[in-house]
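One structure below.
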Amino acid sequence: MWTALLAAMLMLLGLQAVPTAAARPSAQPKADAAVAAQTLTWTAGDDITRYVSAPTTAVAGRATFVFENSVATGNTTGMPHTLTFVTNDPEFNDDVTVNILANPNDDLGGRHTAEVTLTPGRYFYHCTIPGHGQMQGILVVSEGGGEDTTPPETAARVTGTQNTQGAYVGSASVALSATDDGGSGVDGIQYAVDDDPGDWIPYTAPVVVDQIGGHRIRYRAFDKAGNVSAEKTVTFTVVAPPSDDTAPPETSATVTGEQNADGAYIDMATVTVSASDTGSGVNTIEYAVDSGTGSGAWEPYATPVMVHQVGVHTVRYRATDKAGNVSAERSVRFTVVAATPQDTTPPVTGVTVEGTRNSDGAYVGSARVTVSATDAGGSGVDRIEYSLDSGPYLAYGIPVTVDRAGPHTLAYRAVDKAGNTSAARTVTFTVVSSQVPAPNCPEYDERLTVVVGTVDSGVPNRLTDSRCRINELIEDEKEWTSHALFLKYVTTVLNGLLAEGVVDQREFDAIEQAAGRSGIGEPGQTEGYRALLDGSAASFARWQQVGGGSFARNADGSITSGTTRDGLGMLWFPQRKYGDFSLKLQWRDDAPGTGNANSGVFVRFPWIHEHPEEPRPEWVAIKYGHEVQVLDRPDGDLYKTGSVYGFDRVGLAGAGVTQKGTWNDYEIRVVGQHYSVYRNGVLINEFDNIGGQEFVPPRADDPGTDGRRFASGYIGLQVHSATDVVSYRDIRIKEL
């Protein structure tokens, strides 16, 4: 799959990886073998907001670029990234053309090189894959000089009060210094104390050592050309000052970890030892695991001790102060047990289809589908879900009756209480007409209650004798020339429903009053918009979150991204697809501090679950729909508010900027393949999706014809991260 995806992206982005020396023809000019004056390395991993590492400075002249996006640099998912130098921005140098796509599964294992010549100035680079807009940086190039190949010279000086044997009394101070004759200058000094296996420590001030005993300080320096000096060592001894301290330290230990009902620690116990001394001070702490009282080797204690082995354990401990007093040995005893094996077995599902069948095996009038599930993993079945004819997955409770004529496919799956989900299975069947024609409903509306305009009557949205629902007969989305004419029509519909017994008089009155309050047909009334998010908890519950991040509902009914969970994801409305439409909403930049919100409105993307070409549902909208950007940030991503991400770019001058914390009106109008974006009533972008626009051409795996997207699809809101905070409210749509 990745091989095909990489090939597609290469076509999409116009990319080609510059070959390494090993990939070049053997017969090449001798000059090609010359080693570049400097090597600059970029690395990438799973993160789509930044490169793992990147250079910031360089000197003018020849250079070798290394771009690695591999398992070794932290890429565990096979995610592709690019390293692209921008050549069309007058603020930056434009003489380096580098456009590399790297992936752990490519022919070079994700490691690519390119030889370039740098000139003094600034270069801007970034990742061009849509959604990776924050992966970027600036490389500053200065005038080159003579090459420095000489490492720095280092020295160490130990000071403190010494006794007649040369030992330092109480403590010793070690000062390190370095000089560089190579010309580039000292860039830093590092040191390590004794035999510490950890990383080298940057030297910033004299190192004070007050632990009693012999010590060894290792040190080295490096210059700005990257030369590292040979490691040197200084040794010395610290002894305790004269003291009348005869009291040993006080010690204690705690054991922590997840425990079962019997108090045993599951998989691991962590022992933390502490000591205090009011006299000369604690010098060392020691511990021993399972060695038996009075036997076994003591080990220096530096960090909490983690015990993984299953069984009963004893950890002994003691401390010594700087006067040589040793505390009495103490111990803690505990048991470690293995965790109970988790249920990793998904449920087993089954299905039966019942009904009257004709000689061709089709079901006459209707088919009744019963789904069952059992769980052998031990946790038990939590829920069963089904999807009819590629629609959204719904909770299964009772057998599903399908009475619409035609072929049907019902997919079903089950989830156990441990979270294991069975593979989706399907059953196909055909329903033929029993001489009952399909309902001829004026509009489609399967909401639970009768809602007129935006006014909820509270009356159940029942099926009528015409097989249409009450909402579908009201026609509140139609363009009415007057409010009185609309009320007359509603009354006529209700009279018929009252006579049929579909509604009673109380429900008749409730719907009629809702129609009166709706204002439909009045001058200036916005006609035909249906609320997708009206501020109520019920409307918010109709949306679904996928991927990372989240949206939280506020007390005023608005929703805010990234406040409860970090990550890139999407909140989408799975109830219905929309073709040509006008989508209206309000958004507000609520990013903390001096930051700015980063979000977007996804439109016309297909059903996201179990998509055959993209296993991650949040990426279906990115790859197969269009994102209308929300971003007022002056730096960072090149696509600002109103842009059609990856296809049509709008700058801040065209988008306009309002003060943070201010609500913006946003309208996205889509007719055919023509997109219009309005901000606060001003048209800020028009885009015709006819096969590629100014900055990024359409993806090669684009499912539409000639780069076009689908003619209809779902609506979604992007959550970018916990710092790119944006709020939305009053989301409504009108089909055109």
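In the structure tokens, chains take the letters A, B, ... in the order shown, each chain's residues start at 1, and ligands count up from 1 in the order shown.
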For this session: Give me the residues within 12 Å of A:Ser643 as a VMD selection string, counting only C-alpha atoms and dropping any in the same chain fewer than 5 places off.
Result: chain A and resid 599 to 602 626 to 632 637 to 638 648 to 652 654 to 655 668 675 to 679 683 to 687 693 to 695
Exercise. Can you list, as number ranges by chain, every protein, DNA or RNA residue that comes within 6 Å of stretch 80-93 of chain A when you count only C-alpha atoms, leaving out same-chain residues fewer than 6 positions away?
Worked result: A: 99-103, 122-127
Using all heavy atoms, can you export the residues from the last selection as a tab-separated table (two decimals), in the first residue's frame?
```
chain	number	residue	atom	x	y	z
A	99	ASN	N	13.63	18.81	-3.21
A	99	ASN	CA	12.25	18.35	-3.03
A	99	ASN	C	12.30	16.83	-2.85
A	99	ASN	O	12.21	16.08	-3.81
A	99	ASN	CB	11.43	18.72	-4.27
A	99	ASN	CG	10.00	19.05	-3.91
A	99	ASN	OD1	9.67	19.22	-2.75
A	99	ASN	ND2	9.15	19.14	-4.91
A	100	ILE	N	12.48	16.38	-1.61
A	100	ILE	CA	12.72	14.96	-1.34
A	100	ILE	C	11.52	14.37	-0.59
A	100	ILE	O	11.09	14.94	0.41
A	100	ILE	CB	13.99	14.76	-0.50
A	100	ILE	CG1	15.22	15.36	-1.20
A	100	ILE	CG2	14.23	13.27	-0.22
A	100	ILE	CD1	16.47	15.35	-0.35
A	101	LEU	N	11.01	13.26	-1.06
A	101	LEU	CA	9.99	12.49	-0.34
A	101	LEU	C	10.66	11.24	0.22
A	101	LEU	O	11.28	10.47	-0.51
A	101	LEU	CB	8.86	12.08	-1.29
A	101	LEU	CG	7.77	11.17	-0.69
A	101	LEU	CD1	6.97	11.92	0.36
A	101	LEU	CD2	6.84	10.67	-1.79
A	102	ALA	N	10.56	11.06	1.56
A	102	ALA	CA	11.23	9.92	2.21
A	102	ALA	C	10.22	9.13	3.02
A	102	ALA	O	9.30	9.69	3.62
A	102	ALA	CB	12.36	10.41	3.11
A	103	ASN	N	10.44	7.82	3.05
A	103	ASN	CA	9.55	6.92	3.77
A	103	ASN	C	10.35	5.68	4.16
A	103	ASN	O	11.19	5.21	3.39
A	103	ASN	CB	8.37	6.52	2.87
A	103	ASN	CG	7.40	5.61	3.56
A	103	ASN	OD1	7.60	4.39	3.57
A	103	ASN	ND2	6.37	6.17	4.15
A	122	ARG	N	19.16	33.46	3.87
A	122	ARG	CA	18.23	32.59	4.59
A	122	ARG	C	17.47	31.72	3.59
A	122	ARG	O	17.03	32.18	2.54
A	122	ARG	CB	17.24	33.41	5.40
A	122	ARG	CG	17.86	34.29	6.47
A	122	ARG	CD	16.80	34.84	7.43
A	122	ARG	NE	15.72	35.50	6.70
A	122	ARG	CZ	14.49	35.64	7.19
A	122	ARG	NH1	14.18	35.16	8.37
A	122	ARG	NH2	13.56	36.27	6.48
A	123	TYR	N	17.31	30.45	3.94
A	123	TYR	CA	16.51	29.50	3.17
A	123	TYR	C	15.33	29.04	4.02
A	123	TYR	O	15.49	28.77	5.21
A	123	TYR	CB	17.34	28.28	2.77
A	123	TYR	CG	18.46	28.57	1.80
A	123	TYR	CD1	19.72	28.96	2.25
A	123	TYR	CD2	18.26	28.45	0.42
A	123	TYR	CE1	20.76	29.22	1.36
A	123	TYR	CE2	19.30	28.70	-0.47
A	123	TYR	CZ	20.54	29.09	0.00
A	123	TYR	OH	21.55	29.34	-0.87
A	124	PHE	N	14.14	28.95	3.38
A	124	PHE	CA	12.94	28.46	4.07
A	124	PHE	C	12.62	27.07	3.54
A	124	PHE	O	12.56	26.85	2.33
A	124	PHE	CB	11.76	29.39	3.82
A	124	PHE	CG	10.46	28.93	4.45
A	124	PHE	CD1	10.36	28.74	5.82
A	124	PHE	CD2	9.35	28.66	3.66
A	124	PHE	CE1	9.18	28.30	6.39
A	124	PHE	CE2	8.16	28.22	4.22
A	124	PHE	CZ	8.08	28.05	5.60
A	125	TYR	N	12.42	26.10	4.45
A	125	TYR	CA	12.09	24.73	4.06
A	125	TYR	C	10.87	24.26	4.83
A	125	TYR	O	10.56	24.76	5.92
A	125	TYR	CB	13.27	23.78	4.31
A	125	TYR	CG	13.70	23.70	5.75
A	125	TYR	CD1	13.08	22.85	6.65
A	125	TYR	CD2	14.75	24.50	6.22
A	125	TYR	CE1	13.47	22.79	7.98
A	125	TYR	CE2	15.15	24.45	7.54
A	125	TYR	CZ	14.52	23.59	8.42
A	125	TYR	OH	14.89	23.54	9.74
A	126	HIS	N	10.14	23.29	4.30
A	126	HIS	CA	8.94	22.77	4.97
A	126	HIS	C	8.54	21.44	4.33
A	126	HIS	O	9.13	20.99	3.35
A	126	HIS	CB	7.77	23.77	4.88
A	126	HIS	CG	7.28	23.99	3.48
A	126	HIS	ND1	5.95	23.94	3.14
A	126	HIS	CD2	7.94	24.27	2.34
A	126	HIS	CE1	5.80	24.17	1.85
A	126	HIS	NE2	7.00	24.39	1.33
A	127	CYS	N	7.50	20.82	4.93
A	127	CYS	CA	6.92	19.59	4.38
A	127	CYS	C	5.67	19.98	3.59
A	127	CYS	O	4.81	20.70	4.10
A	127	CYS	CB	6.56	18.61	5.50
A	127	CYS	SG	5.84	17.06	4.89
```
Exercise. If you count only C-alpha atoms, which residues fall within 6 Å of stretch 218-222 of chain A, apart from same-chain ones fewer than 2 positions away, as an MDAnalysis selection string?
Worked result: chainID A and resid 187:192 227:229 231:233
Exercise. Atom CA of A:Ser433 and atom CA of A:Tyr393 are how many Å apart?
Worked result: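 According to the coordinates, atom CA of A:Ser433 and atom CA of A:Tyr393 are separated by 25.9 Å.
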Residues within 7 Å of A:Gly160, please, as a PDB file with all heavy atoms, in the first residue's frame. Count only C-alpha atoms; anything in the same chain fewer than 3 positions from it doesn't count.
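The resulting file, selection_10.pdb, is reproduced below:
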```
ATOM      1  N   TYR A 168      40.964  16.744  49.698  1.00  0.00           N
ATOM      2  CA  TYR A 168      40.167  17.953  49.896  1.00  0.00           C
ATOM      3  C   TYR A 168      39.187  17.721  51.038  1.00  0.00           C
ATOM      4  O   TYR A 168      38.463  16.718  51.070  1.00  0.00           O
ATOM      5  CB  TYR A 168      39.436  18.318  48.607  1.00  0.00           C
ATOM      6  CG  TYR A 168      40.397  18.775  47.524  1.00  0.00           C
ATOM      7  CD1 TYR A 168      40.997  17.848  46.667  1.00  0.00           C
ATOM      8  CD2 TYR A 168      40.732  20.116  47.399  1.00  0.00           C
ATOM      9  CE1 TYR A 168      41.895  18.257  45.701  1.00  0.00           C
ATOM     10  CE2 TYR A 168      41.633  20.533  46.423  1.00  0.00           C
ATOM     11  CZ  TYR A 168      42.211  19.604  45.587  1.00  0.00           C
ATOM     12  OH  TYR A 168      43.112  20.015  44.633  1.00  0.00           O
ATOM     13  N   SER A 171      34.820  19.329  50.572  1.00  0.00           N
ATOM     14  CA  SER A 171      34.391  19.402  49.174  1.00  0.00           C
ATOM     15  C   SER A 171      35.555  19.859  48.312  1.00  0.00           C
ATOM     16  O   SER A 171      36.543  20.413  48.805  1.00  0.00           O
ATOM     17  CB  SER A 171      33.204  20.368  48.997  1.00  0.00           C
ATOM     18  OG  SER A 171      33.595  21.700  49.280  1.00  0.00           O
ATOM     19  N   ALA A 172      35.397  19.618  46.994  1.00  0.00           N
ATOM     20  CA  ALA A 172      36.362  20.095  46.007  1.00  0.00           C
ATOM     21  C   ALA A 172      35.590  20.754  44.881  1.00  0.00           C
ATOM     22  O   ALA A 172      34.486  20.324  44.517  1.00  0.00           O
ATOM     23  CB  ALA A 172      37.202  18.943  45.472  1.00  0.00           C
ATOM     24  N   SER A 173      36.198  21.830  44.302  1.00  0.00           N
ATOM     25  CA  SER A 173      35.580  22.548  43.188  1.00  0.00           C
ATOM     26  C   SER A 173      36.454  22.367  41.954  1.00  0.00           C
ATOM     27  O   SER A 173      37.655  22.644  41.993  1.00  0.00           O
ATOM     28  CB  SER A 173      35.424  24.031  43.522  1.00  0.00           C
ATOM     29  OG  SER A 173      34.876  24.742  42.431  1.00  0.00           O
TER      30      SER A 173
END
```
